[in-house]
Amino acid sequence: MLRNMTETFLNYLRSKLAITDQQFSQLEPHLKTRHVEKGQALLSVGEVCLYGGFVLKGCLRSYVIDEKGKEHIIQFAPENWWIAEQISLFKKTPAIFYIDAVEATDLLAIDMAFFDELNRIVPDVQQLMSSLQLNSLRTFQKRLISHLSETGEQRYVGFVETYPSLSLRLPLWMIASYLGLTPESLSRIRKELMDK
């Protein structure tokens with residue numbers, strides 16, 4: 001099973017950069033598989049993030065809880081997505097959001113030693129790392145702009161475009177939390193879109 005999981009990750013890496021089997025075999029000892037059950041926490045506010053997660057099967061989410069106890073979902077990470085509290089991971093500072101499993105999830109837990117070794121043995125990796133960081137920044141910028149300037153319907157359509165597999169897998173309240181809507185508003189929007 002580990003081989004299948006690492007094979008999936010190797011295919012992902014190969015879609016992004018040139019990496020040989022020999023180079024990857026040097027990286028494999030730094031890959032740890034984890035299985036987390038639905039609702040299980042991977043990171044809590046105040047903890048230091050020790051690894052990034054590459055989702056192989058299932059779905060994770062990151063979120064904050066406001067002073068009234070309401071959850072605000074920042075990101076979902078379905079299959080072939082990364083999730084981490086990047087500042088905490090790279091700077092070893094306390095995390096400012098939570099990460100947990102929305103579904104039973106298999107992931108690769110990838111620590112800084114993996115990235116250090118990847119940087120050492122694969123010459124073009126800096127381009128990949130820069131690209132991943134820029135994509136992450138761009139995603140958060142687009143999400144902020146969406147929340148500031150789009151209607152609920154536009155936000156929902158954008159969600160479906162970003163996460164095509166999740167609109168039927170996630171509970172309505174989670175999608176509503178991600179979109180900054182009430183579940184009732186989202187239900188109405190979905191009904192209106194189906195009627196069009």
# chains A, B, ... in the order shown; residues from 1 in each chain; ligands from 1
$ closest_atom_pairs --of "segment 49-95 of chain A" --to "segment 166-176 of chain A" --cutoff "12 Å" --atoms "only C-alpha atoms" --output "JSON lines"
{"residue": "A:Gly58", "atom": "CA", "partner": "A:Arg169", "partner_atom": "CA", "distance": 9.9}
{"residue": "A:Cys59", "atom": "CA", "partner": "A:Leu166", "partner_atom": "CA", "distance": 8.8}
{"residue": "A:Leu60", "atom": "CA", "partner": "A:Leu170", "partner_atom": "CA", "distance": 10.9}
{"residue": "A:Arg61", "atom": "CA", "partner": "A:Met174", "partner_atom": "CA", "distance": 9.6}
{"residue": "A:Ser62", "atom": "CA", "partner": "A:Met174", "partner_atom": "CA", "distance": 11.3}
{"residue": "A:Tyr63", "atom": "CA", "partner": "A:Met174", "partner_atom": "CA", "distance": 10.3}
{"residue": "A:Lys70", "atom": "CA", "partner": "A:Met174", "partner_atom": "CA", "distance": 11.4}
{"residue": "A:Glu71", "atom": "CA", "partner": "A:Met174", "partner_atom": "CA", "distance": 8.9}
{"residue": "A:His72", "atom": "CA", "partner": "A:Met174", "partner_atom": "CA", "distance": 8.7}
{"residue": "A:Ile73", "atom": "CA", "partner": "A:Met174", "partner_atom": "CA", "distance": 7.3}
{"residue": "A:Ile74", "atom": "CA", "partner": "A:Met174", "partner_atom": "CA", "distance": 10.5}
{"residue": "A:Gln75", "atom": "CA", "partner": "A:Ile175", "partner_atom": "CA", "distance": 10.3}
{"residue": "A:Phe76", "atom": "CA", "partner": "A:Leu166", "partner_atom": "CA", "distance": 8.9}
{"residue": "A:Ala77", "atom": "CA", "partner": "A:Leu166", "partner_atom": "CA", "distance": 9.7}
{"residue": "A:Pro78", "atom": "CA", "partner": "A:Leu166", "partner_atom": "CA", "distance": 7.8}
{"residue": "A:Glu79", "atom": "CA", "partner": "A:Leu166", "partner_atom": "CA", "distance": 10.3}
$ select_by_dssp --residues "segment 10-161 of chain A" --states "alpha helix (DSSP H)" --output "PyMOL selection string"
chain A and resi 10-16+21-27+86-91+112-121+125-149+152-161
$ select_by_dssp --residues "segment 8-196 of chain A" --states "strand (DSSP E)" --output "count of residues only"
40
$ closest_residue --among "A:Asn119, A:Arg155, A:Ser177, A:Leu128" --to "Arg14 of chain A" --atoms "only C-alpha atoms"
A:Leu128
$ closest_atom_pairs --of "segment 50-122 of chain A" --to "segment 30-36 of chain A" --cutoff "12 Å" --atoms "only C-alpha atoms" --output "CSV"
residue,atom,partner,partner_atom,distance
A:Tyr51,CA,A:Lys32,CA,9.8
A:Gly52,CA,A:Leu31,CA,10.6
A:Gly53,CA,A:Arg34,CA,9.2
A:Phe54,CA,A:Thr33,CA,9.6
A:Val55,CA,A:Arg34,CA,9.8
A:Leu56,CA,A:Thr33,CA,9.6
A:Lys57,CA,A:His35,CA,9.4
A:Gly58,CA,A:Val36,CA,9.3
A:Cys59,CA,A:Val36,CA,10.0
A:Leu60,CA,A:Val36,CA,9.4
A:Ile99,CA,A:Val36,CA,11.4
A:Asp100,CA,A:Val36,CA,8.5
A:Ala101,CA,A:Val36,CA,6.6
A:Val102,CA,A:Val36,CA,9.6
A:Glu103,CA,A:Val36,CA,8.4
A:Ala104,CA,A:Val36,CA,5.7
A:Thr105,CA,A:Val36,CA,5.3
A:Asp106,CA,A:His35,CA,4.6
A:Leu107,CA,A:Arg34,CA,5.4
A:Leu108,CA,A:Thr33,CA,4.6
A:Ala109,CA,A:Lys32,CA,5.1
A:Ile110,CA,A:Leu31,CA,5.7
A:Asp111,CA,A:His30,CA,7.3
A:Met112,CA,A:His30,CA,9.0
A:Ala113,CA,A:His30,CA,6.8
A:Phe114,CA,A:His30,CA,5.2
A:Phe115,CA,A:His30,CA,9.0
A:Asp116,CA,A:His30,CA,10.2
A:Glu117,CA,A:His30,CA,8.7
A:Leu118,CA,A:His30,CA,9.9
$ residues_around --residues "segment 144-151 of chain A" --least-positions-apart "5" --cutoff "9 Å" --atoms "only C-alpha atoms" --output "mmCIF file with N, CA and C atoms, in the first residue's frame"
data_model
loop_
_atom_site.group_PDB
_atom_site.id
_atom_site.type_symbol
_atom_site.label_atom_id
_atom_site.label_comp_id
_atom_site.auth_asym_id
_atom_site.auth_seq_id
_atom_site.Cartn_x
_atom_site.Cartn_y
_atom_site.Cartn_z
ATOM 1 N N THR A 139 -4.293 31.897 -4.984
ATOM 2 C CA THR A 139 -5.559 31.318 -4.553
ATOM 3 C C THR A 139 -6.159 32.138 -3.418
ATOM 4 N N TYR A 156 -20.382 30.627 -5.138
ATOM 5 C CA TYR A 156 -20.684 29.193 -5.213
ATOM 6 C C TYR A 156 -20.201 28.606 -6.541
ATOM 7 N N GLY A 158 -17.771 29.699 -8.343
ATOM 8 C CA GLY A 158 -16.314 29.636 -8.223
ATOM 9 C C GLY A 158 -15.860 28.449 -7.386
ATOM 10 N N LEU A 179 -17.880 29.720 1.940
ATOM 11 C CA LEU A 179 -18.332 30.818 1.083
ATOM 12 C C LEU A 179 -18.750 32.066 1.859
ATOM 13 N N GLY A 180 -18.828 31.964 3.179
ATOM 14 C CA GLY A 180 -19.283 33.109 3.975
ATOM 15 C C GLY A 180 -20.779 33.330 3.850
#
$ atom_distance --atom1 "atom CA of Ser130 of chain A" --atom2 "atom CA of Phe24 of chain A"
19.9 Å
